[in-house]
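> Here it is, the structure, as structure tokens.
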Amino acid sequence: MASTTHIVTVLTILSLLACSVNAQLSSNFYATTCPNLQTIVRNAMTQAVNKEARIGASMLRLFFHDCFVNGCDASILLDDTATFTGEKNASPNRNSVRGFEVIDTIKTRVEATCNATVSCADILALATRDGVVLLGGPSWIVPLGRRDARTASQSAANNLPSPFSDLATLTSQFSAKGLSARDMTALSGGHTIGLARCSLFRTRIYNETNIDSNFATTRRANCPASGGDNNLAPLETQTSNRFDNNYYKDLVAQRGLLHSDQVLFNGGSQDALVRTYSNNNAAFASDFAAAMVKMSNISPLTGTNGEIRRNCRVVN
């Protein structure tokens with residue numbers, strides 16, 4: 001009997017430990033300490049998106065580039081200083097990631113209401129969700145309770161998934177973060193919004209053969225064979241400021257702008273899923289939302305790890 005009781009007790013403790021690990025992030029983390037947080041973030045994001053629709057895509061990319069480098073810890077928001085090297089000048093980020101001023105605005109408003117309480121990492125997670133929703137995309141419950149990193153890694157940021165990568169490389173990189181190939185294909189649908197620089201798709205529109213010829217011709221008009229590296233083109237041809245499944249319709253029609261887009265539909269393992277998403281926006285929206293929650297759970301700092309930054313650009 002004592003043995004049975006002991007086993008039950010051990011199982012109960014293990015169960016509670018598992019729950020505590022899972023409960024480190026919680027949707028109601030700030031329910032008492034900053035109850036108006038989500039309203040503050042949503043209002044600021046509404047203003048920002050109304051001013052510039054592209055900011056929704058910029059925030060999504062900022063969050064992705066944060067989470068894929070040592071977890072969702074707001075390390076990407078830290079500025080370089082004479083004694084600190086951040087991630088903003090890593091090759092995939094330099095003169096590319098944007099939206100920092102919007103995060104600054106939100107942080108200032110949050111601090112005015114809930115001083116030294118809400119992390120920059122959580123603000124970025126909420127702002128990303130709201131940016132997607134405001135452009136017509138799905139919503140999801142954002143788990144909260146992340147803390148902010150005191151460190152950053154430019155070297156890790158230099159190894160973010162590349163727009164030139166093949167399918168096997170991308171699948172491996174996402175798998176290393178606990179994300180499946182299905183998650184990867186759904187998250188890639190974030191390219192239904194936003195813009196890309198000519199330097200990132202020049203090789204595709206001039207050298208690749210699995211591309212619609214009219215599409216290639218159209219894109220070449222604003223992306224010469226040399227020069228114009230920073231000229232922009234929409235990642236999706238039809239509704240680049242509307243979050244929908246047209247990205248996948250483009251892939252089926254061989255109108256993926258980046259090499260890393262078109263590899264998802266090129267006779268490989270993701271073809272069937274891409275076709276499903278192209279025909280079923282609800283399926284895409286559901287999988288995207290679920291994948292975003294998974295991504296937002298990559299290696300968060302919790303408890304007493306990290307800190308709550310006063311200013312998202314510098315450690316306390």
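Order determines the names: the first chain of the structure tokens is A, the second B, and so forth; residues in each chain are numbered 1 upward, and ligands are numbered 1 upward as they are shown.
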Identify, on the basis of only C-alpha atoms, every residue whose closest approach to Gly99 of chain A does not exceed 7 Å; exclude the query and any residue fewer than 6 positions from it along the same chain; express the result as an MDAnalysis selection string.
chainID A and resid 55 58:59
> From a DSSP pass on the backbone, collect the residues of segment 39-264 of chain A flagged as helix (DSSP H, G or I) and hand them back as a ChimeraX atom specification.
/A:39-51,55-67,75-77,100-113,120-134,154-157,167-175,181-192,198-207,213-220,246-252,259-262
> Determine, using only C-alpha atoms, which residues of segment 260-299 of chain A have any atom at most 12 Å from an atom of segment 121-126 of chain A, and tabulate each with its shortest atom pair and distance in Å to one decimal place, rows ordered by chain and then rising number, as CSV.

residue,atom,partner,partner_atom,distance
A:Met292,CA,A:Ala125,CA,9.5
A:Val293,CA,A:Ala125,CA,9.5
A:Lys294,CA,A:Ala125,CA,11.9
A:Met295,CA,A:Ala125,CA,10.1
A:Ser296,CA,A:Ala125,CA,7.1
A:Asn297,CA,A:Ala125,CA,10.1
A:Ile298,CA,A:Ala121,CA,11.8
A:Ser299,CA,A:Ala121,CA,11.8
> For each of A:Phe64, A:Phe174, A:Phe100, A:Phe84, take the minimum atom-to-atom distance to Arg150 of chain A, counting only C-alpha atoms, then give the residue where this is smallest.
A:Phe84
> Could you tell me which of A:Ala225, A:Ala82, A:Ala157, A:Leu179 comes closest to Thr203 of chain A if we count only C-alpha atoms?
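Closest residue, counting only C-alpha atoms: A:Ala225.
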> Which residues in segment 13-168 of chain A does DSSP call strand (DSSP E or B)? List them as a PyMOL selection string.
chain A and resi 26+81+84+144+147-148
> Hey, can you spit out that residue selection with all heavy atoms as a CSV table (one decimal), in the first residue's frame?

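The file below, part-v6.csv, is the result:
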chain,number,residue,atom,x,y,z
A,26,SER,N,1.7,31.7,-20.4
A,26,SER,CA,0.3,31.7,-20.2
A,26,SER,C,-0.4,32.9,-20.9
A,26,SER,O,0.1,34.0,-20.8
A,26,SER,CB,0.0,31.6,-18.7
A,26,SER,OG,-1.4,31.9,-18.5
A,81,THR,N,26.3,48.8,-29.7
A,81,THR,CA,27.0,49.9,-29.0
A,81,THR,C,28.5,49.6,-29.2
A,81,THR,O,29.0,48.7,-29.8
A,81,THR,CB,26.6,49.9,-27.5
A,81,THR,OG1,27.2,48.8,-26.9
A,81,THR,CG2,25.1,49.9,-27.3
A,84,PHE,N,28.9,46.4,-27.3
A,84,PHE,CA,27.9,45.3,-27.5
A,84,PHE,C,27.6,45.1,-29.0
A,84,PHE,O,27.3,46.1,-29.7
A,84,PHE,CB,26.6,45.7,-26.7
A,84,PHE,CG,25.5,44.6,-26.8
A,84,PHE,CD1,25.4,43.6,-25.9
A,84,PHE,CD2,24.5,44.7,-27.8
A,84,PHE,CE1,24.4,42.6,-26.0
A,84,PHE,CE2,23.5,43.8,-27.9
A,84,PHE,CZ,23.5,42.7,-27.0
A,144,LEU,N,2.0,34.2,-23.1
A,144,LEU,CA,2.8,35.3,-22.6
A,144,LEU,C,3.6,34.9,-21.3
A,144,LEU,O,3.3,33.9,-20.7
A,144,LEU,CB,1.9,36.5,-22.2
A,144,LEU,CG,1.1,37.0,-23.4
A,144,LEU,CD1,0.0,38.0,-22.9
A,144,LEU,CD2,2.0,37.7,-24.4
A,147,ARG,N,10.7,36.6,-21.0
A,147,ARG,CA,11.5,37.7,-20.5
A,147,ARG,C,12.5,38.0,-21.6
A,147,ARG,O,12.7,37.3,-22.6
A,147,ARG,CB,12.2,37.3,-19.2
A,147,ARG,CG,11.1,37.3,-18.1
A,147,ARG,CD,11.6,36.6,-16.8
A,147,ARG,NE,12.7,37.3,-16.2
A,147,ARG,CZ,12.6,38.3,-15.3
A,147,ARG,NH1,11.4,38.7,-15.0
A,147,ARG,NH2,13.7,38.8,-14.8
A,148,ASP,N,13.2,39.1,-21.4
A,148,ASP,CA,14.1,39.7,-22.5
A,148,ASP,C,15.5,39.2,-22.2
A,148,ASP,O,16.0,39.2,-21.1
A,148,ASP,CB,14.0,41.2,-22.5
A,148,ASP,CG,12.7,41.7,-22.8
A,148,ASP,OD1,12.0,41.1,-23.6
A,148,ASP,OD2,12.2,42.7,-22.2
> Looking at only C-alpha atoms, which of A:Ser278, A:Asn230, A:Thr46, A:Gln270 is the one that sits closest to Asn246 of chain A?
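Distance minimum relative to Asn246 of chain A lands on A:Ser278.
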> Can you list, as a VMD selection string, every protein, DNA or RNA residue that comes within 12 Å of segment 38-45 of chain A when you count only C-alpha atoms, leaving out same-chain residues fewer than 6 positions away?
chain A and resid 27 to 31 51 to 59 99 101 to 114 118 120 122 to 135 141 to 144
> Excluding same-chain residues fewer than 5 positions from Val314 of chain A, what lies within 12 Å of it counting only C-alpha atoms, as a PDB file with all heavy atoms, in the first residue's frame?

ATOM      1  N   ALA A  74      13.537  38.765 -27.805  1.00  0.00           N
ATOM      2  CA  ALA A  74      13.708  40.180 -28.145  1.00  0.00           C
ATOM      3  C   ALA A  74      15.162  40.581 -28.329  1.00  0.00           C
ATOM      4  O   ALA A  74      15.499  41.765 -28.296  1.00  0.00           O
ATOM      5  CB  ALA A  74      13.039  41.090 -27.106  1.00  0.00           C
ATOM      6  N   SER A  75      16.049  39.615 -28.551  1.00  0.00           N
ATOM      7  CA  SER A  75      17.463  39.955 -28.774  1.00  0.00           C
ATOM      8  C   SER A  75      17.645  40.775 -30.043  1.00  0.00           C
ATOM      9  O   SER A  75      18.559  41.605 -30.127  1.00  0.00           O
ATOM     10  CB  SER A  75      18.314  38.687 -28.835  1.00  0.00           C
ATOM     11  OG  SER A  75      17.857  37.800 -29.839  1.00  0.00           O
ATOM     12  N   ILE A  76      16.753  40.583 -31.028  1.00  0.00           N
ATOM     13  CA  ILE A  76      16.876  41.317 -32.283  1.00  0.00           C
ATOM     14  C   ILE A  76      16.633  42.815 -32.111  1.00  0.00           C
ATOM     15  O   ILE A  76      17.024  43.624 -32.947  1.00  0.00           O
ATOM     16  CB  ILE A  76      15.910  40.748 -33.346  1.00  0.00           C
ATOM     17  CG1 ILE A  76      16.328  41.211 -34.745  1.00  0.00           C
ATOM     18  CG2 ILE A  76      14.459  41.133 -33.030  1.00  0.00           C
ATOM     19  CD1 ILE A  76      15.583  40.539 -35.867  1.00  0.00           C
ATOM     20  N   LEU A  77      16.019  43.210 -31.016  1.00  0.00           N
ATOM     21  CA  LEU A  77      15.694  44.618 -30.795  1.00  0.00           C
ATOM     22  C   LEU A  77      16.866  45.412 -30.224  1.00  0.00           C
ATOM     23  O   LEU A  77      16.831  46.641 -30.197  1.00  0.00           O
ATOM     24  CB  LEU A  77      14.500  44.748 -29.843  1.00  0.00           C
ATOM     25  CG  LEU A  77      13.205  44.022 -30.256  1.00  0.00           C
ATOM     26  CD1 LEU A  77      12.131  44.239 -29.196  1.00  0.00           C
ATOM     27  CD2 LEU A  77      12.722  44.501 -31.618  1.00  0.00           C
ATOM     28  N   LEU A  78      17.901  44.719 -29.771  1.00  0.00           N
ATOM     29  CA  LEU A  78      19.022  45.402 -29.116  1.00  0.00           C
ATOM     30  C   LEU A  78      19.918  46.108 -30.136  1.00  0.00           C
ATOM     31  O   LEU A  78      20.344  45.520 -31.124  1.00  0.00           O
ATOM     32  CB  LEU A  78      19.842  44.388 -28.316  1.00  0.00           C
ATOM     33  CG  LEU A  78      19.148  43.799 -27.083  1.00  0.00           C
ATOM     34  CD1 LEU A  78      19.934  42.610 -26.545  1.00  0.00           C
ATOM     35  CD2 LEU A  78      18.969  44.868 -26.007  1.00  0.00           C
ATOM     36  N   ASP A  79      20.226  47.357 -29.858  1.00  0.00           N
ATOM     37  CA  ASP A  79      21.119  48.138 -30.716  1.00  0.00           C
ATOM     38  C   ASP A  79      22.575  47.760 -30.471  1.00  0.00           C
ATOM     39  O   ASP A  79      22.953  47.367 -29.354  1.00  0.00           O
ATOM     40  CB  ASP A  79      20.972  49.639 -30.418  1.00  0.00           C
ATOM     41  CG  ASP A  79      19.691  50.226 -30.989  1.00  0.00           C
ATOM     42  OD1 ASP A  79      19.096  49.604 -31.893  1.00  0.00           O
ATOM     43  OD2 ASP A  79      19.292  51.305 -30.514  1.00  0.00           O
ATOM     44  N   ASP A  80      23.389  47.908 -31.502  1.00  0.00           N
ATOM     45  CA  ASP A  80      24.839  47.795 -31.327  1.00  0.00           C
ATOM     46  C   ASP A  80      25.331  49.008 -30.532  1.00  0.00           C
ATOM     47  O   ASP A  80      24.802  50.122 -30.661  1.00  0.00           O
ATOM     48  CB  ASP A  80      25.547  47.797 -32.683  1.00  0.00           C
ATOM     49  CG  ASP A  80      25.390  46.483 -33.432  1.00  0.00           C
ATOM     50  OD1 ASP A  80      24.688  45.580 -32.926  1.00  0.00           O
ATOM     51  OD2 ASP A  80      25.960  46.361 -34.529  1.00  0.00           O
ATOM     52  N   THR A  81      26.338  48.778 -29.714  1.00  0.00           N
ATOM     53  CA  THR A  81      27.022  49.876 -29.019  1.00  0.00           C
ATOM     54  C   THR A  81      28.518  49.645 -29.150  1.00  0.00           C
ATOM     55  O   THR A  81      28.957  48.671 -29.758  1.00  0.00           O
ATOM     56  CB  THR A  81      26.641  49.929 -27.524  1.00  0.00           C
ATOM     57  OG1 THR A  81      27.210  48.785 -26.850  1.00  0.00           O
ATOM     58  CG2 THR A  81      25.137  49.934 -27.321  1.00  0.00           C
ATOM     59  N   THR A  83      30.408  48.590 -26.992  1.00  0.00           N
ATOM     60  CA  THR A  83      30.804  47.392 -26.236  1.00  0.00           C
ATOM     61  C   THR A  83      29.854  46.217 -26.427  1.00  0.00           C
ATOM     62  O   THR A  83      29.996  45.193 -25.757  1.00  0.00           O
ATOM     63  CB  THR A  83      30.885  47.724 -24.734  1.00  0.00           C
ATOM     64  OG1 THR A  83      29.612  48.238 -24.298  1.00  0.00           O
ATOM     65  CG2 THR A  83      31.959  48.767 -24.461  1.00  0.00           C
ATOM     66  N   PHE A  84      28.881  46.365 -27.333  1.00  0.00           N
ATOM     67  CA  PHE A  84      27.886  45.304 -27.504  1.00  0.00           C
ATOM     68  C   PHE A  84      27.553  45.128 -28.984  1.00  0.00           C
ATOM     69  O   PHE A  84      27.250  46.103 -29.676  1.00  0.00           O
ATOM     70  CB  PHE A  84      26.603  45.655 -26.728  1.00  0.00           C
ATOM     71  CG  PHE A  84      25.508  44.628 -26.826  1.00  0.00           C
ATOM     72  CD1 PHE A  84      25.447  43.576 -25.926  1.00  0.00           C
ATOM     73  CD2 PHE A  84      24.539  44.708 -27.824  1.00  0.00           C
ATOM     74  CE1 PHE A  84      24.449  42.618 -26.014  1.00  0.00           C
ATOM     75  CE2 PHE A  84      23.534  43.760 -27.929  1.00  0.00           C
ATOM     76  CZ  PHE A  84      23.487  42.707 -27.018  1.00  0.00           C
ATOM     77  N   THR A  85      27.619  43.893 -29.452  1.00  0.00           N
ATOM     78  CA  THR A  85      27.263  43.594 -30.834  1.00  0.00           C
ATOM     79  C   THR A  85      25.922  42.864 -30.855  1.00  0.00           C
ATOM     80  O   THR A  85      25.804  41.755 -30.316  1.00  0.00           O
ATOM     81  CB  THR A  85      28.334  42.711 -31.510  1.00  0.00           C
ATOM     82  OG1 THR A  85      29.589  43.397 -31.474  1.00  0.00           O
ATOM     83  CG2 THR A  85      27.949  42.421 -32.955  1.00  0.00           C
ATOM     84  N   GLY A  86      24.922  43.505 -31.455  1.00  0.00           N
ATOM     85  CA  GLY A  86      23.604  42.905 -31.531  1.00  0.00           C
ATOM     86  C   GLY A  86      23.406  42.134 -32.825  1.00  0.00           C
ATOM     87  O   GLY A  86      24.377  41.711 -33.473  1.00  0.00           O
ATOM     88  N   ASP A 104       9.034  50.521 -30.152  1.00  0.00           N
ATOM     89  CA  ASP A 104       9.368  51.587 -29.193  1.00  0.00           C
ATOM     90  C   ASP A 104       8.109  52.306 -28.718  1.00  0.00           C
ATOM     91  O   ASP A 104       7.943  52.572 -27.518  1.00  0.00           O
ATOM     92  CB  ASP A 104      10.307  52.602 -29.836  1.00  0.00           C
ATOM     93  CG  ASP A 104      11.702  52.048 -30.119  1.00  0.00           C
ATOM     94  OD1 ASP A 104      12.074  51.033 -29.514  1.00  0.00           O
ATOM     95  OD2 ASP A 104      12.395  52.653 -30.961  1.00  0.00           O
ATOM     96  N   CYS A 120       9.720  43.121 -23.689  1.00  0.00           N
ATOM     97  CA  CYS A 120       9.731  43.484 -25.105  1.00  0.00           C
ATOM     98  C   CYS A 120       9.426  42.260 -25.964  1.00  0.00           C
ATOM     99  O   CYS A 120       8.801  42.369 -27.028  1.00  0.00           O
ATOM    100  CB  CYS A 120      11.093  44.055 -25.479  1.00  0.00           C
ATOM    101  SG  CYS A 120      11.531  45.537 -24.539  1.00  0.00           S
ATOM    102  N   ASP A 148      13.209  39.144 -21.434  1.00  0.00           N
ATOM    103  CA  ASP A 148      14.101  39.679 -22.461  1.00  0.00           C
ATOM    104  C   ASP A 148      15.546  39.239 -22.247  1.00  0.00           C
ATOM    105  O   ASP A 148      16.040  39.213 -21.107  1.00  0.00           O
ATOM    106  CB  ASP A 148      14.038  41.207 -22.459  1.00  0.00           C
ATOM    107  CG  ASP A 148      12.654  41.731 -22.781  1.00  0.00           C
ATOM    108  OD1 ASP A 148      11.975  41.128 -23.635  1.00  0.00           O
ATOM    109  OD2 ASP A 148      12.247  42.740 -22.172  1.00  0.00           O
ATOM    110  N   ALA A 149      16.209  38.939 -23.354  1.00  0.00           N
ATOM    111  CA  ALA A 149      17.611  38.532 -23.302  1.00  0.00           C
ATOM    112  C   ALA A 149      18.512  39.708 -22.956  1.00  0.00           C
ATOM    113  O   ALA A 149      18.217  40.856 -23.299  1.00  0.00           O
ATOM    114  CB  ALA A 149      18.019  37.946 -24.647  1.00  0.00           C
ATOM    115  N   ARG A 150      19.599  39.388 -22.280  1.00  0.00           N
ATOM    116  CA  ARG A 150      20.639  40.384 -22.025  1.00  0.00           C
ATOM    117  C   ARG A 150      21.767  40.257 -23.047  1.00  0.00           C
ATOM    118  O   ARG A 150      22.733  41.026 -23.010  1.00  0.00           O
ATOM    119  CB  ARG A 150      21.212  40.210 -20.612  1.00  0.00           C
ATOM    120  CG  ARG A 150      20.210  40.451 -19.482  1.00  0.00           C
ATOM    121  CD  ARG A 150      20.939  40.435 -18.140  1.00  0.00           C
ATOM    122  NE  ARG A 150      20.046  40.641 -17.013  1.00  0.00           N
ATOM    123  CZ  ARG A 150      19.508  39.652 -16.288  1.00  0.00           C
ATOM    124  NH1 ARG A 150      19.800  38.395 -16.589  1.00  0.00           N
ATOM    125  NH2 ARG A 150      18.714  39.910 -15.277  1.00  0.00           N
ATOM    126  N   THR A 151      21.643  39.248 -23.912  1.00  0.00           N
ATOM    127  CA  THR A 151      22.685  38.981 -24.905  1.00  0.00           C
ATOM    128  C   THR A 151      22.055  38.872 -26.291  1.00  0.00           C
ATOM    129  O   THR A 151      20.828  38.818 -26.425  1.00  0.00           O
ATOM    130  CB  THR A 151      23.410  37.663 -24.586  1.00  0.00           C
ATOM    131  OG1 THR A 151      22.453  36.587 -24.608  1.00  0.00           O
ATOM    132  CG2 THR A 151      24.071  37.719 -23.224  1.00  0.00           C
ATOM    133  N   ALA A 152      22.910  38.841 -27.299  1.00  0.00           N
ATOM    134  CA  ALA A 152      22.461  38.656 -28.678  1.00  0.00           C
ATOM    135  C   ALA A 152      23.529  37.855 -29.406  1.00  0.00           C
ATOM    136  O   ALA A 152      24.641  37.681 -28.900  1.00  0.00           O
ATOM    137  CB  ALA A 152      22.240  40.011 -29.358  1.00  0.00           C
ATOM    138  N   GLU A 307      15.506  39.457 -18.267  1.00  0.00           N
ATOM    139  CA  GLU A 307      15.052  40.637 -17.540  1.00  0.00           C
ATOM    140  C   GLU A 307      13.827  41.227 -18.235  1.00  0.00           C
ATOM    141  O   GLU A 307      13.422  40.768 -19.309  1.00  0.00           O
ATOM    142  CB  GLU A 307      16.173  41.681 -17.504  1.00  0.00           C
ATOM    143  CG  GLU A 307      16.546  42.224 -18.886  1.00  0.00           C
ATOM    144  CD  GLU A 307      17.703  43.222 -18.854  1.00  0.00           C
ATOM    145  OE1 GLU A 307      18.400  43.288 -17.825  1.00  0.00           O
ATOM    146  OE2 GLU A 307      17.904  43.924 -19.873  1.00  0.00           O
ATOM    147  N   ILE A 308      13.248  42.231 -17.615  1.00  0.00           N
ATOM    148  CA  ILE A 308      12.204  43.032 -18.270  1.00  0.00           C
ATOM    149  C   ILE A 308      12.852  44.368 -18.631  1.00  0.00           C
ATOM    150  O   ILE A 308      13.082  45.215 -17.767  1.00  0.00           O
ATOM    151  CB  ILE A 308      10.996  43.278 -17.335  1.00  0.00           C
ATOM    152  CG1 ILE A 308      10.424  41.949 -16.834  1.00  0.00           C
ATOM    153  CG2 ILE A 308       9.927  44.094 -18.064  1.00  0.00           C
ATOM    154  CD1 ILE A 308       9.871  41.050 -17.917  1.00  0.00           C
ATOM    155  N   ARG A 309      13.197  44.520 -19.897  1.00  0.00           N
ATOM    156  CA  ARG A 309      13.870  45.746 -20.315  1.00  0.00           C
ATOM    157  C   ARG A 309      12.981  46.960 -20.153  1.00  0.00           C
ATOM    158  O   ARG A 309      11.778  46.915 -20.429  1.00  0.00           O
ATOM    159  CB  ARG A 309      14.280  45.652 -21.793  1.00  0.00           C
ATOM    160  CG  ARG A 309      15.567  44.926 -22.044  1.00  0.00           C
ATOM    161  CD  ARG A 309      15.923  44.939 -23.530  1.00  0.00           C
ATOM    162  NE  ARG A 309      16.338  43.606 -23.951  1.00  0.00           N
ATOM    163  CZ  ARG A 309      16.101  43.070 -25.126  1.00  0.00           C
ATOM    164  NH1 ARG A 309      15.429  43.748 -26.026  1.00  0.00           N
ATOM    165  NH2 ARG A 309      16.502  41.845 -25.389  1.00  0.00           N
TER     166      ARG A 309
END
> I'd like the contact shell of Tyr247 of chain A - 8 Å cut-off, only C-alpha atoms, skipping same-chain residues fewer than 6 positions apart - returned as a list in words.
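Everything that qualifies: Gly189, His191, Thr192, Leu235, Glu236, Thr237, Gly256 and Ser278 of chain A.
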> Using only C-alpha atoms, which residues sit within 10 Å of Asn266 of chain A once same-chain residues fewer than 5 positions away are excluded, as a list in words?
Leu167, Asn210, Leu251, Val252, Gln254, Asp261 and Asp271 of chain A
> Could you turn the residues from that selection into a file that holds N, CA, C and O atoms, as an mmCIF file, in the first residue's frame?

data_model
loop_
_atom_site.group_PDB
_atom_site.id
_atom_site.type_symbol
_atom_site.label_atom_id
_atom_site.label_comp_id
_atom_site.auth_asym_id
_atom_site.auth_seq_id
_atom_site.Cartn_x
_atom_site.Cartn_y
_atom_site.Cartn_z
ATOM 1 N N LEU A 167 14.877 22.996 -50.474
ATOM 2 C CA LEU A 167 13.848 22.465 -49.587
ATOM 3 C C LEU A 167 14.445 21.649 -48.443
ATOM 4 O O LEU A 167 14.007 21.780 -47.288
ATOM 5 N N ASN A 210 11.926 27.175 -63.542
ATOM 6 C CA ASN A 210 10.604 26.827 -63.005
ATOM 7 C C ASN A 210 9.862 28.096 -62.592
ATOM 8 O O ASN A 210 9.437 28.270 -61.446
ATOM 9 N N LEU A 251 2.469 30.043 -56.084
ATOM 10 C CA LEU A 251 3.428 28.930 -56.172
ATOM 11 C C LEU A 251 2.971 27.885 -57.187
ATOM 12 O O LEU A 251 3.781 27.398 -57.989
ATOM 13 N N VAL A 252 1.684 27.557 -57.162
ATOM 14 C CA VAL A 252 1.149 26.570 -58.109
ATOM 15 C C VAL A 252 1.326 27.065 -59.548
ATOM 16 O O VAL A 252 1.568 26.283 -60.469
ATOM 17 N N GLN A 254 3.779 28.877 -60.554
ATOM 18 C CA GLN A 254 5.210 29.150 -60.710
ATOM 19 C C GLN A 254 5.523 30.650 -60.686
ATOM 20 O O GLN A 254 6.359 31.157 -61.437
ATOM 21 N N ASP A 261 10.697 30.223 -51.826
ATOM 22 C CA ASP A 261 9.241 30.091 -51.963
ATOM 23 C C ASP A 261 8.910 28.963 -52.946
ATOM 24 O O ASP A 261 8.165 28.039 -52.624
ATOM 25 N N ASP A 271 4.412 19.691 -52.202
ATOM 26 C CA ASP A 271 3.507 20.033 -53.309
ATOM 27 C C ASP A 271 2.041 19.867 -52.952
ATOM 28 O O ASP A 271 1.209 20.746 -53.216
#
> Could you check how far atom CA of Gln173 of chain A sits from atom CA of Arg313 of chain A, in Å to one decimal?
27.5 Å
